[in-house]
>>> print(open('coords.txt').read())   # compact mmCIF, C-alpha atoms
# COMPACT_ATOMS: atom_id res chain seq x y z
CA MET A 1 0.00 0.00 0.00
CA ARG A 2 1.17 3.50 -0.86
CA PRO A 3 0.01 6.77 0.68
CA GLU A 4 -2.23 9.25 -1.11
CA LEU A 5 -0.53 12.21 0.58
CA VAL A 6 2.89 12.94 2.04
CA VAL A 7 2.89 15.70 4.63
CA THR A 8 6.42 16.92 5.20
CA ASP A 9 8.13 19.46 7.41
CA LEU A 10 10.46 22.07 5.92
CA ALA A 11 13.43 23.26 8.05
CA GLY A 12 15.59 20.29 9.00
CA THR A 13 13.60 17.87 6.85
CA THR A 14 13.51 19.10 3.25
CA VAL A 15 15.69 22.20 3.60
CA SER A 16 18.80 22.59 5.70
CA ASP A 17 18.76 24.53 8.93
CA PRO A 18 22.35 25.45 9.89
CA GLY A 19 21.20 27.19 13.07
CA LEU A 20 18.87 29.59 11.25
CA VAL A 21 15.75 28.87 13.31
CA LEU A 22 17.74 29.23 16.51
CA GLY A 23 19.07 32.55 15.21
CA ALA A 24 15.55 33.76 14.50
CA PHE A 25 14.49 32.70 17.99
CA ARG A 26 17.39 34.72 19.41
CA ALA A 27 16.29 37.77 17.44
CA GLY A 28 12.83 37.51 19.01
CA LEU A 29 14.16 36.91 22.50
CA ASP A 30 16.49 39.91 22.18
CA ILE A 31 13.44 42.12 21.62
CA ALA A 32 11.96 40.75 24.84
CA GLY A 33 15.29 41.17 26.67
CA VAL A 34 15.42 37.50 27.62
CA ASP A 35 18.15 34.89 27.22
CA VAL A 36 17.26 31.19 27.03
CA ASP A 37 19.39 28.05 26.99
CA GLU A 38 19.75 26.52 23.54
CA ALA A 39 18.43 23.18 24.83
CA ASP A 40 15.13 24.89 25.68
CA LEU A 41 14.93 26.27 22.15
CA VAL A 42 15.70 22.91 20.56
CA ARG A 43 12.86 21.30 22.52
CA LEU A 44 10.44 23.73 20.88
CA MET A 45 11.62 23.18 17.30
CA GLY A 46 8.60 22.40 15.14
CA VAL A 47 6.13 24.00 17.55
CA ASP A 48 3.99 26.94 16.43
CA LYS A 49 6.23 29.94 16.99
CA ARG A 50 3.69 32.09 18.87
CA GLU A 51 3.10 29.20 21.23
CA ALA A 52 6.87 28.67 21.54
CA PHE A 53 7.50 32.30 22.52
CA ALA A 54 4.65 32.16 25.03
CA ILE A 55 6.30 29.14 26.66
CA LEU A 56 9.77 30.67 26.60
CA LEU A 57 8.66 34.03 27.95
CA GLU A 58 6.03 32.60 30.29
CA LEU A 59 3.38 34.98 28.95
CA ASP A 60 -0.10 34.66 27.48
CA GLN A 61 -0.07 34.28 23.70
CA ASP A 62 -1.96 37.59 23.26
CA ASP A 63 0.60 39.59 25.27
CA PRO A 64 2.07 42.50 23.22
CA VAL A 65 5.59 41.30 24.08
CA ILE A 66 4.84 38.07 22.23
CA ASP A 67 3.76 40.09 19.19
CA ALA A 68 7.03 42.06 19.21
CA ALA A 69 9.17 38.93 19.63
CA LEU A 70 7.27 37.15 16.88
CA ASP A 71 7.65 40.11 14.51
CA ALA A 72 11.42 40.04 15.02
CA PHE A 73 11.48 36.28 14.52
CA VAL A 74 9.50 36.53 11.27
CA ALA A 75 11.64 39.36 9.91
CA ARG A 76 14.81 37.38 10.51
CA ALA A 77 13.42 34.13 9.16
CA VAL A 78 11.95 35.71 6.02
CA ALA A 79 15.25 37.46 5.30
CA ASP A 80 17.09 34.15 5.69
CA ALA A 81 14.59 32.37 3.43
CA GLU A 82 14.71 35.01 0.72
CA SER A 83 18.52 35.02 0.78
CA GLY A 84 18.56 31.30 -0.02
CA ALA A 85 20.10 30.36 3.33
CA TYR A 86 17.68 27.45 3.69
CA VAL A 87 19.13 25.14 1.03
CA VAL A 88 17.26 22.12 -0.33
CA LEU A 89 18.80 19.01 1.22
CA PRO A 90 20.51 16.49 -1.08
CA GLY A 91 18.14 13.95 -2.59
CA VAL A 92 14.97 15.90 -1.82
CA ASP A 93 14.16 17.19 -5.32
CA ARG A 94 14.64 13.73 -6.83
CA ALA A 95 12.44 12.22 -4.10
CA LEU A 96 9.72 14.81 -4.76
CA GLU A 97 9.93 13.96 -8.45
CA ARG A 98 9.44 10.28 -7.62
CA LEU A 99 6.38 11.05 -5.51
CA ALA A 100 4.88 13.12 -8.33
CA GLN A 101 5.51 10.32 -10.82
CA ALA A 102 3.76 7.90 -8.46
CA GLY A 103 0.73 10.21 -8.24
CA ILE A 104 1.24 10.97 -4.55
CA ALA A 105 0.43 14.51 -3.41
CA VAL A 106 2.84 16.46 -1.19
CA ALA A 107 1.98 19.12 1.37
CA PHE A 108 4.74 21.16 2.99
CA THR A 109 3.92 22.08 6.58
CA THR A 110 5.80 24.15 9.12
CA GLY A 111 5.80 25.69 12.56
CA PHE A 112 6.54 28.95 10.76
CA GLY A 113 3.83 31.39 9.75
CA SER A 114 2.47 31.95 6.25
CA GLU A 115 4.95 34.66 5.28
CA ILE A 116 7.93 32.42 5.94
CA LEU A 117 6.29 29.39 4.32
CA THR A 118 5.70 31.39 1.15
CA ALA A 119 9.29 32.64 1.07
CA LEU A 120 10.73 29.16 1.59
CA LEU A 121 8.63 27.54 -1.12
CA ARG A 122 9.21 30.34 -3.62
CA THR A 123 12.96 30.53 -3.06
CA ASN A 124 13.43 26.79 -3.46
CA GLY A 125 11.30 26.45 -6.58
CA TRP A 126 8.27 24.87 -4.93
CA SER A 127 5.73 27.68 -5.41
CA SER A 128 3.33 25.30 -7.15
CA ALA A 129 2.91 23.46 -3.82
CA LEU A 130 1.83 26.58 -1.94
CA VAL A 131 -1.95 26.12 -2.25
CA GLY A 132 -1.82 22.66 -0.68
CA SER A 133 0.76 23.49 1.98
CA VAL A 134 -0.02 24.64 5.52
CA ALA A 135 1.61 27.11 7.92
CA SER A 136 1.02 27.07 11.65
CA ASP A 137 -0.93 30.35 11.62
CA GLN A 138 -3.47 28.82 9.23
CA VAL A 139 -4.79 26.35 11.81
CA HIS A 140 -6.23 26.67 15.31
CA ARG A 141 -3.61 24.55 17.05
CA GLY A 142 0.01 23.97 16.13
CA ARG A 143 1.90 20.69 16.30
CA PRO A 144 1.79 18.22 17.98
CA ALA A 145 -2.00 18.69 17.67
CA PRO A 146 -3.38 17.06 14.49
CA ASP A 147 -4.76 20.28 12.97
CA ILE A 148 -1.97 20.99 10.49
CA VAL A 149 -2.13 17.50 8.95
CA GLU A 150 -5.93 17.54 8.96
CA GLU A 151 -5.89 20.84 7.04
CA ALA A 152 -3.41 19.41 4.51
CA MET A 153 -5.73 16.42 4.06
CA ARG A 154 -8.70 18.75 3.51
CA ARG A 155 -6.82 20.75 0.88
CA HIS A 156 -5.88 17.57 -0.98
CA ASP A 157 -9.28 15.85 -0.61
CA VAL A 158 -7.79 12.97 1.40
CA THR A 159 -10.33 11.58 3.85
CA GLU A 160 -8.47 8.76 5.61
CA ALA A 161 -5.50 9.53 7.86
CA SER A 162 -4.26 6.00 7.27
CA ALA A 163 -3.51 7.10 3.70
CA VAL A 164 -1.15 9.86 4.91
CA ALA A 165 2.61 9.66 5.50
CA VAL A 166 4.14 12.31 7.78
CA ILE A 167 7.86 13.12 7.54
CA GLY A 168 9.66 15.41 9.99
CA ASP A 169 12.78 15.92 12.06
CA THR A 170 11.30 16.63 15.50
CA VAL A 171 9.29 14.79 18.12
CA VAL A 172 6.41 17.21 17.60
CA ASP A 173 6.24 16.12 13.94
CA ILE A 174 5.91 12.51 15.09
CA GLY A 175 3.47 13.55 17.81
CA CYS A 176 1.33 15.26 15.17
CA ALA A 177 1.38 12.11 13.01
CA ASN A 178 0.31 10.04 16.00
CA ALA A 179 -2.45 12.48 16.94
CA VAL A 180 -4.02 12.33 13.49
CA GLY A 181 -3.53 8.55 13.12
CA ALA A 182 -1.27 8.77 10.07
CA GLY A 183 -0.42 5.54 8.31
CA TRP A 184 3.29 6.36 8.34
CA ALA A 185 5.38 8.55 10.65
CA PHE A 186 9.02 9.04 9.65
CA GLY A 187 11.64 10.77 11.76
CA VAL A 188 14.65 11.98 9.76
CA LEU A 189 18.13 12.68 11.10
CA THR A 190 18.89 15.80 9.07
CA GLY A 191 17.45 18.23 11.62
CA SER A 192 17.33 18.73 15.36
CA GLY A 193 15.82 15.40 16.40
CA THR A 194 17.83 12.44 17.66
CA ALA A 195 17.29 8.83 16.65
CA GLU A 196 16.48 7.93 20.26
CA GLY A 197 13.97 10.72 20.72
CA LEU A 198 12.21 10.15 17.40
CA ALA A 199 11.98 6.40 18.00
CA ARG A 200 10.71 6.92 21.54
CA GLU A 201 7.86 9.02 20.13
CA GLY A 202 7.01 6.16 17.78
CA GLY A 203 8.58 7.39 14.55
CA GLN A 204 10.24 5.14 12.00
CA VAL A 205 13.77 6.55 12.04
CA VAL A 206 15.36 7.02 8.62
CA ALA A 207 18.38 8.95 7.45
CA ASP A 208 16.64 11.64 5.44
CA PHE A 209 13.64 12.61 3.32
CA ALA A 210 14.85 10.58 0.33
CA SER A 211 15.21 7.49 2.55
CA ALA A 212 11.62 7.89 3.75
CA VAL A 213 10.45 8.01 0.13
CA ASP A 214 12.53 4.88 -0.55
CA VAL A 215 10.53 3.10 2.15
CA LEU A 216 7.26 4.25 0.59
CA LEU A 217 8.13 3.56 -3.06
CA GLY A 218 11.06 1.15 -2.89
CA PRO A 219 14.71 2.11 -3.49
CA ASP A 220 15.42 4.48 -6.36
CA PRO A 221 17.49 2.49 -8.89
CA SER A 222 19.24 5.69 -9.96
CA ASP A 223 20.31 6.56 -6.39
CA SER A 224 23.81 5.28 -5.65
CA VAL A 225 23.48 6.10 -1.93
CA ALA A 226 20.42 3.89 -1.69
CA ARG A 227 22.37 1.17 -3.46
CA ILE A 228 25.25 1.58 -0.99
CA VAL A 229 22.85 1.16 1.92
CA GLU A 230 21.33 -1.90 0.25
CA LEU A 231 24.77 -3.50 -0.17
CA PHE A 232 25.65 -2.95 3.49
CA GLU A 233 22.28 -4.26 4.63
CA ARG A 234 22.69 -7.39 2.50
CA TRP A 235 26.37 -8.17 2.97
CA GLY A 236 27.60 -6.01 5.85
CA SER A 237 27.48 -8.90 8.31
CA ASP A 238 30.11 -10.80 6.32
CA ARG A 239 33.38 -11.13 8.23
CA TYR A 240 35.85 -8.53 7.03
CA ASP A 241 38.77 -9.66 9.14
CA GLU A 242 39.49 -11.89 12.09
CA ALA A 243 37.64 -9.56 14.44
CA VAL A 244 34.93 -7.44 12.75
CA THR A 245 32.30 -7.49 10.02
CA GLN A 246 32.36 -5.47 6.83
CA LEU A 247 29.88 -2.97 8.28
CA GLU A 248 31.69 -2.65 11.60
CA HIS A 249 34.95 -2.02 9.78
CA ALA A 250 33.44 0.63 7.50
CA LEU A 251 31.73 2.49 10.35
CA GLN A 252 34.82 2.40 12.56
CA CYS A 253 36.92 3.70 9.68
CA ALA A 254 34.54 6.61 9.07
CA ASP A 255 34.46 7.47 12.77
CA LEU A 256 38.25 7.49 12.93
CA ALA A 257 38.35 9.88 9.98
CA GLU A 258 35.82 12.19 11.59
CA THR A 259 37.60 12.11 14.95
CA ALA A 260 40.81 13.07 13.16
CA GLY A 261 39.08 16.19 11.82
CA ALA A 262 39.04 14.98 8.23
CA PRO A 263 36.71 16.76 5.78
CA ASP A 264 33.44 15.06 4.89
CA VAL A 265 34.85 13.95 1.55
CA LEU A 266 37.44 11.79 3.34
CA VAL A 267 34.93 10.54 5.92
CA ALA A 268 32.92 9.30 2.92
CA ALA A 269 36.01 7.71 1.38
CA ALA A 270 36.80 5.99 4.67
CA LEU A 271 33.25 4.65 4.93
CA LEU A 272 33.21 3.37 1.34
CA HIS A 273 36.80 2.26 0.82
CA ASP A 274 35.92 -1.45 0.94
CA ILE A 275 32.48 -1.30 -0.69
CA GLY A 276 34.06 -3.27 -3.54
CA HIS A 277 34.20 -6.32 -1.26
CA LEU A 278 30.41 -6.09 -0.92
CA MET A 279 30.08 -5.80 -4.68
CA VAL A 280 32.07 -9.02 -5.07
CA LEU A 281 29.90 -10.72 -2.43
CA GLU A 282 26.81 -9.57 -4.34
CA ARG A 283 28.17 -10.79 -7.65
CA GLU A 284 29.17 -14.17 -6.25
CA GLN A 285 26.14 -14.44 -3.93
CA GLY A 286 28.39 -14.74 -0.90
CA HIS A 287 30.60 -17.52 -2.26
CA VAL A 288 34.01 -15.86 -2.20
CA THR A 289 37.52 -16.76 -1.13
CA TYR A 290 40.34 -14.39 -0.28
CA ASP A 291 43.23 -16.32 -1.80
CA HIS A 292 43.39 -14.02 -4.82
CA ASP A 293 43.15 -10.30 -5.53
CA ASP A 294 39.51 -9.38 -6.13
CA ASP A 295 40.39 -5.85 -7.34
CA HIS A 296 37.80 -4.52 -4.91
CA GLU A 297 39.36 -1.07 -4.94
CA ASP A 298 38.98 -0.70 -8.71
CA LEU A 299 35.49 -2.18 -8.71
CA ALA A 300 34.37 0.37 -6.14
CA ALA A 301 36.16 3.32 -7.72
CA ASP A 302 34.79 2.57 -11.19
CA TRP A 303 31.26 2.28 -9.81
CA LEU A 304 31.43 5.46 -7.74
CA ALA A 305 33.16 7.55 -10.42
CA GLY A 306 30.89 10.38 -11.54
CA ALA A 307 28.53 9.91 -8.61
CA PHE A 308 31.13 11.05 -6.05
CA PRO A 309 33.95 13.61 -6.21
CA ALA A 310 37.33 12.53 -7.59
CA ARG A 311 38.88 12.89 -4.15
CA VAL A 312 36.62 10.13 -2.83
CA VAL A 313 37.08 7.91 -5.85
CA ASP A 314 40.89 8.28 -5.99
CA ALA A 315 41.37 7.65 -2.27
CA ILE A 316 39.36 4.43 -2.62
CA ARG A 317 41.17 3.32 -5.77
CA MET A 318 44.58 3.93 -4.19
CA HIS A 319 44.05 2.66 -0.64
CA VAL A 320 45.42 -0.80 -1.44
CA ASP A 321 48.53 0.65 -3.06
CA ALA A 322 48.83 2.92 -0.01
CA LYS A 323 49.36 -0.22 2.09
CA ARG A 324 52.07 -1.38 -0.29
CA PHE A 325 53.62 2.11 -0.11
CA LEU A 326 53.64 2.21 3.68
CA CYS A 327 55.19 -1.25 3.85
CA ALA A 328 58.02 0.08 1.67
CA THR A 329 58.58 3.40 3.40
CA GLU A 330 57.67 3.05 7.07
CA PRO A 331 59.74 0.77 9.33
CA GLY A 332 57.56 -1.45 11.46
CA TYR A 333 54.41 -0.90 9.39
CA LEU A 334 54.39 -4.40 7.87
CA GLY A 335 54.84 -6.06 11.24
CA ALA A 336 51.90 -4.15 12.69
CA LEU A 337 49.44 -5.30 10.02
CA SER A 338 46.75 -7.81 10.91
CA ASP A 339 47.21 -11.36 9.69
CA ALA A 340 44.51 -10.87 7.06
CA SER A 341 46.15 -7.69 5.75
CA ARG A 342 49.50 -9.42 5.46
CA ARG A 343 47.92 -12.31 3.57
CA SER A 344 46.12 -9.99 1.16
CA LEU A 345 49.34 -8.02 0.59
CA GLU A 346 50.85 -11.05 -1.09
CA VAL A 347 48.11 -11.16 -3.77
CA GLN A 348 47.91 -7.37 -4.16
CA GLY A 349 51.40 -6.91 -5.56
CA GLY A 350 53.51 -7.07 -2.44
CA ILE A 351 55.75 -4.33 -1.05
CA MET A 352 56.47 -1.48 -3.48
CA SER A 353 59.94 -0.94 -4.85
CA ASP A 354 61.61 2.41 -4.12
CA THR A 355 60.80 3.55 -7.64
CA GLU A 356 57.14 2.54 -7.31
CA ALA A 357 56.86 4.27 -3.94
CA GLN A 358 58.31 7.53 -5.25
CA ALA A 359 55.92 7.51 -8.20
CA PHE A 360 52.93 6.65 -6.02
CA ILE A 361 53.18 9.42 -3.46
CA ILE A 362 53.28 12.24 -6.01
CA GLY A 363 50.04 11.11 -7.61
CA PRO A 364 46.79 13.09 -7.18
CA HIS A 365 45.14 12.37 -3.82
CA ALA A 366 47.82 9.82 -2.87
CA ARG A 367 48.18 11.36 0.58
CA ASP A 368 44.41 11.07 1.05
CA ALA A 369 44.73 7.36 0.25
CA VAL A 370 47.46 7.01 2.87
CA LEU A 371 45.18 8.59 5.47
CA VAL A 372 42.36 6.22 4.54
CA ARG A 373 44.82 3.33 4.78
CA ARG A 374 45.87 4.31 8.30
CA TRP A 375 42.23 4.51 9.44
CA ASP A 376 41.60 1.20 7.69
CA ASP A 377 44.38 -0.45 9.70
CA ARG A 378 42.91 0.72 13.02
CA ALA A 379 39.25 -0.01 12.26
CA LYS A 380 39.25 -3.59 13.48
CA VAL A 381 38.17 -3.37 17.12
CA PRO A 382 35.56 -5.94 18.19
CA GLY A 383 32.46 -4.35 19.70
CA ALA A 384 33.63 -0.75 19.31
CA PRO A 385 30.69 1.73 19.48
CA THR A 386 30.18 3.62 16.23
CA THR A 387 27.93 6.02 14.41
CA THR A 388 25.25 4.03 12.58
CA LEU A 389 24.94 3.60 8.83
CA VAL A 390 21.60 5.45 8.88
CA GLU A 391 23.31 8.43 10.53
CA ARG A 392 25.98 8.45 7.79
CA VAL A 393 23.55 8.65 4.86
CA PRO A 394 23.05 12.47 5.01
CA LEU A 395 26.84 12.92 4.84
CA LEU A 396 27.05 10.62 1.82
CA ARG A 397 24.29 12.54 0.03
CA ALA A 398 25.93 15.86 0.86
CA VAL A 399 29.31 14.69 -0.46
CA GLN A 400 27.66 13.17 -3.52
CA SER A 401 25.94 16.46 -4.30
CA THR A 402 29.33 18.20 -4.65
CA ALA A 403 30.19 15.95 -7.60
CA ARG A 404 27.38 17.37 -9.72
>>> encode(input="coords.txt", output="structure tokens")
Amino acid sequence: MRPELVVTDLAGTTVSDPGLVLGAFRAGLDIAGVDVDEADLVRLMGVDKREAFAILLELDQDDPVIDAALDAFVARAVADAESGAYVVLPGVDRALERLAQAGIAVAFTTGFGSEILTALLRTNGWSSALVGSVASDQVHRGRPAPDIVEEAMRRHDVTEASAVAVIGDTVVDIGCANAVGAGWAFGVLTGSGTAEGLAREGGQVVADFASAVDVLLGPDPSDSVARIVELFERWGSDRYDEAVTQLEHALQCADLAETAGAPDVLVAAALLHDIGHLMVLEREQGHVTYDHDDDHEDLAADWLAGAFPARVVDAIRMHVDAKRFLCATEPGYLGALSDASRRSLEVQGGIMSDTEAQAFIIGPHARDAVLVRRWDDRAKVPGAPTTTLVERVPLLRAVQSTAR
């Protein structure tokens, strides 16, 4: 069964919010001469903004101070929206296109007022959705009350809440879905909500808007990130080494890159450096041996080329040769390798000669490959806590978007 209507939030769900809503809140609070902890602001993300200010300032909603604070909030938020500061998140436009092709209506909803809603939709090329979209000042009660979804249903002539999918990044989005009895309630990780909080409220936690649409329609065959997730889900439990699985190794490697302060492009390369092993497992339906070179680095690089930036692709293609390079140039490196890495070295060309090593290190992105190799060597700790694959999907989409 597919929904008739997708009701989706804006800031943090379909458009980025790099602290813009918090900044608008601060502008309103400055007018009132009040300072509030950021945690208190985050808890009110997604709530109708008049109601939020009333809670923060401990005043009735019709108090003139609320009006002044709200005016300052709106002015700041509209200016941000019109400047293009709220950028469409990677994968969203393609996902919206898929919904349209499937005949599923979309309503954008928001805790913002009408003026900000209009600016956001117009700036991001979604003006055609304005008639069917709903701002918090167009209903009697804001989220988590069901009013905003019920109004979206009315505008799209949808009579059964079970035919509605709600997508948002906050617990009030999920609370609203629950209140109306929506058939689907997705909590995305691109905004202010946490996986634990969204799940506790009853939301199905997914990486981002595009991932929610994948659940509704099935994976997009043209989406390489969805294909990456599928490969890890299917083959990630395969043993990578003596101690960890393919998925554990990939996630540990990405976390090591992030902890080292590496840019997102190298965190992505670290996460995907061995995706070629999963491609081989897929091709051979799990029946593989490791007594020969499977060229996993070239398989992965060739597949990802064009979809990801050259820096990602080159680091992946060269990470095996980086091991051969380090064996040739760094005393003690070979002895510190795991047994599996030493065995694979033999079928991957062995230790580089001095001439090979000199030629390797001057190549484009060779030093990136060496970094990935070092994280690779350390990412073999049984039971180490890591960021989840779902939490890494927004980073992959963001990095992928820079290749276009």
>>> residues_near_point(input="coords.txt", point="(27.6, 13.7, -0.8)", cutoff="9 Å", atoms="only C-alpha atoms", output="list in words")
Pro90, Val225, Asp264, Val265, Ala268, Ala307, Phe308, Pro309, Val393, Pro394, Leu395, Leu396, Arg397, Ala398, Val399, Gln400, Ser401, Thr402 and Ala403 of chain A
>>> closest_residue(input="coords.txt", among="A:Asp321, A:Glu150, A:Asp354, A:Asp339", to="Val7 (chain A)", atoms="only C-alpha atoms")
A:Glu150
>>> closest_residue(input="coords.txt", among="A:Ala305, A:Cys176, A:Leu326, A:Val87", to="Ile351 (chain A)", atoms="all atoms listed in the file")
A:Leu326
>>> closest_residue(input="coords.txt", among="A:Ala77, A:Leu251, A:Cys327, A:Ile362", to="Leu345 (chain A)", atoms="all atoms listed in the file")
A:Cys327
>>> atom_distance(input="coords.txt", atom1="CA of Gly261 (chain A)", atom2="CA of Ala310 (chain A)")
19.8 Å
>>> residues_around(input="coords.txt", residues="Ala366 (chain A)", least_positions_apart="2", cutoff="10 Å", atoms="only C-alpha atoms", output="ChimeraX atom specification")
/A:311,314-315,317-319,321-322,359-364,368-372
>>> residues_around(input="coords.txt", residues="Ala129 (chain A)", least_positions_apart="5", cutoff="8 Å", atoms="only C-alpha atoms", output="list in words")
Val106, Ala107, Phe108 and Leu121 of chain A
>>> residues_around(input="coords.txt", residues="region 227-238 of chain A", least_positions_apart="6", cutoff="7 Å", atoms="only C-alpha atoms", output="list in words")
Thr245, Gln246, Leu247, Leu278 and Leu281 of chain A
>>> residues_around(input="coords.txt", residues="Pro144 (chain A)", least_positions_apart="2", cutoff="12 Å", atoms="only C-alpha atoms", output="PDB file with C-alpha atoms, in the frame of the given file")
ATOM      1  CA  LEU A  44      10.440  23.730  20.880  1.00  0.00           C
ATOM      2  CA  MET A  45      11.620  23.180  17.300  1.00  0.00           C
ATOM      3  CA  GLY A  46       8.600  22.400  15.140  1.00  0.00           C
ATOM      4  CA  VAL A  47       6.130  24.000  17.550  1.00  0.00           C
ATOM      5  CA  ASP A  48       3.990  26.940  16.430  1.00  0.00           C
ATOM      6  CA  GLU A  51       3.100  29.200  21.230  1.00  0.00           C
ATOM      7  CA  THR A 110       5.800  24.150   9.120  1.00  0.00           C
ATOM      8  CA  GLY A 111       5.800  25.690  12.560  1.00  0.00           C
ATOM      9  CA  SER A 136       1.020  27.070  11.650  1.00  0.00           C
ATOM     10  CA  HIS A 140      -6.230  26.670  15.310  1.00  0.00           C
ATOM     11  CA  ARG A 141      -3.610  24.550  17.050  1.00  0.00           C
ATOM     12  CA  GLY A 142       0.010  23.970  16.130  1.00  0.00           C
ATOM     13  CA  PRO A 146      -3.380  17.060  14.490  1.00  0.00           C
ATOM     14  CA  ASP A 147      -4.760  20.280  12.970  1.00  0.00           C
ATOM     15  CA  ILE A 148      -1.970  20.990  10.490  1.00  0.00           C
ATOM     16  CA  VAL A 149      -2.130  17.500   8.950  1.00  0.00           C
ATOM     17  CA  GLU A 150      -5.930  17.540   8.960  1.00  0.00           C
ATOM     18  CA  GLY A 168       9.660  15.410   9.990  1.00  0.00           C
ATOM     19  CA  THR A 170      11.300  16.630  15.500  1.00  0.00           C
ATOM     20  CA  VAL A 171       9.290  14.790  18.120  1.00  0.00           C
ATOM     21  CA  VAL A 172       6.410  17.210  17.600  1.00  0.00           C
ATOM     22  CA  ASP A 173       6.240  16.120  13.940  1.00  0.00           C
ATOM     23  CA  ILE A 174       5.910  12.510  15.090  1.00  0.00           C
ATOM     24  CA  GLY A 175       3.470  13.550  17.810  1.00  0.00           C
ATOM     25  CA  CYS A 176       1.330  15.260  15.170  1.00  0.00           C
ATOM     26  CA  ALA A 177       1.380  12.110  13.010  1.00  0.00           C
ATOM     27  CA  ASN A 178       0.310  10.040  16.000  1.00  0.00           C
ATOM     28  CA  ALA A 179      -2.450  12.480  16.940  1.00  0.00           C
ATOM     29  CA  VAL A 180      -4.020  12.330  13.490  1.00  0.00           C
ATOM     30  CA  GLU A 201       7.860   9.020  20.130  1.00  0.00           C
TER      31      GLU A 201
END
>>> residues_near_point(input="coords.txt", point="(17.4, 7.6, -7.9)", cutoff="12 Å", atoms="all atoms listed in the file", output="ChimeraX atom specification")
/A:90-99,210-211,213-214,217-227,307,397
>>> closest_residue(input="coords.txt", among="A:Cys253, A:Ala68, A:Ile275, A:Leu29", to="Ile55 (chain A)", atoms="all atoms listed in the file")
A:Leu29
>>> atom_distance(input="coords.txt", atom1="CA of Asp298 (chain A)", atom2="CA of Gln358 (chain A)")
21.3 Å
>>> atom_distance(input="coords.txt", atom1="CA of Ala195 (chain A)", atom2="CA of Glu391 (chain A)")
8.6 Å
>>> residues_around(input="coords.txt", residues="Phe25 (chain A)", least_positions_apart="5", cutoff="10 Å", atoms="only C-alpha atoms", output="mmCIF file with C-alpha atoms, in the frame of the given file")
data_model
loop_
_atom_site.group_PDB
_atom_site.id
_atom_site.type_symbol
_atom_site.label_atom_id
_atom_site.label_comp_id
_atom_site.auth_asym_id
_atom_site.auth_seq_id
_atom_site.Cartn_x
_atom_site.Cartn_y
_atom_site.Cartn_z
ATOM 1 C CA GLY A 19 21.200 27.190 13.070
ATOM 2 C CA LEU A 20 18.870 29.590 11.250
ATOM 3 C CA ASP A 30 16.490 39.910 22.180
ATOM 4 C CA VAL A 36 17.260 31.190 27.030
ATOM 5 C CA GLU A 38 19.750 26.520 23.540
ATOM 6 C CA LEU A 41 14.930 26.270 22.150
ATOM 7 C CA MET A 45 11.620 23.180 17.300
ATOM 8 C CA LYS A 49 6.230 29.940 16.990
ATOM 9 C CA ALA A 52 6.870 28.670 21.540
ATOM 10 C CA PHE A 53 7.500 32.300 22.520
ATOM 11 C CA ALA A 69 9.170 38.930 19.630
ATOM 12 C CA LEU A 70 7.270 37.150 16.880
ATOM 13 C CA ALA A 72 11.420 40.040 15.020
ATOM 14 C CA PHE A 73 11.480 36.280 14.520
ATOM 15 C CA VAL A 74 9.500 36.530 11.270
ATOM 16 C CA ARG A 76 14.810 37.380 10.510
ATOM 17 C CA ALA A 77 13.420 34.130 9.160
#
>>> closest_residue(input="coords.txt", among="A:Arg50, A:Arg43, A:Arg122, A:Arg373", to="Val78 (chain A)", atoms="all atoms listed in the file")
A:Arg122
>>> build_atoms(input="coords.txt", residues="region 22-31 of chain A", atoms="N, CA and C atoms", output="mmCIF file, in the coordinates of the input")
data_model
loop_
_atom_site.group_PDB
_atom_site.id
_atom_site.type_symbol
_atom_site.label_atom_id
_atom_site.label_comp_id
_atom_site.auth_asym_id
_atom_site.auth_seq_id
_atom_site.Cartn_x
_atom_site.Cartn_y
_atom_site.Cartn_z
ATOM 1 N N LEU A 22 17.250 28.787 15.215
ATOM 2 C CA LEU A 22 17.740 29.230 16.510
ATOM 3 C C LEU A 22 18.113 30.707 16.475
ATOM 4 N N GLY A 23 18.718 31.138 15.354
ATOM 5 C CA GLY A 23 19.070 32.550 15.210
ATOM 6 C C GLY A 23 17.849 33.449 15.195
ATOM 7 N N ALA A 24 16.787 32.975 14.537
ATOM 8 C CA ALA A 24 15.550 33.760 14.500
ATOM 9 C C ALA A 24 14.910 33.809 15.892
ATOM 10 N N PHE A 25 14.968 32.696 16.600
ATOM 11 C CA PHE A 25 14.490 32.700 17.990
ATOM 12 C C PHE A 25 15.258 33.738 18.810
ATOM 13 N N ARG A 26 16.568 33.775 18.651
ATOM 14 C CA ARG A 26 17.390 34.720 19.410
ATOM 15 C C ARG A 26 17.002 36.159 19.092
ATOM 16 N N ALA A 27 16.691 36.416 17.819
ATOM 17 C CA ALA A 27 16.290 37.770 17.440
ATOM 18 C C ALA A 27 15.012 38.171 18.174
ATOM 19 N N GLY A 28 14.059 37.230 18.280
ATOM 20 C CA GLY A 28 12.830 37.510 19.010
ATOM 21 C C GLY A 28 13.039 37.672 20.492
ATOM 22 N N LEU A 29 13.888 36.837 21.062
ATOM 23 C CA LEU A 29 14.160 36.910 22.500
ATOM 24 C C LEU A 29 14.916 38.189 22.861
ATOM 25 N N ASP A 30 15.767 38.658 21.936
ATOM 26 C CA ASP A 30 16.490 39.910 22.180
ATOM 27 C C ASP A 30 15.517 41.075 22.340
ATOM 28 N N ILE A 31 14.455 41.070 21.520
ATOM 29 C CA ILE A 31 13.440 42.120 21.620
ATOM 30 C C ILE A 31 12.793 42.097 23.010
#
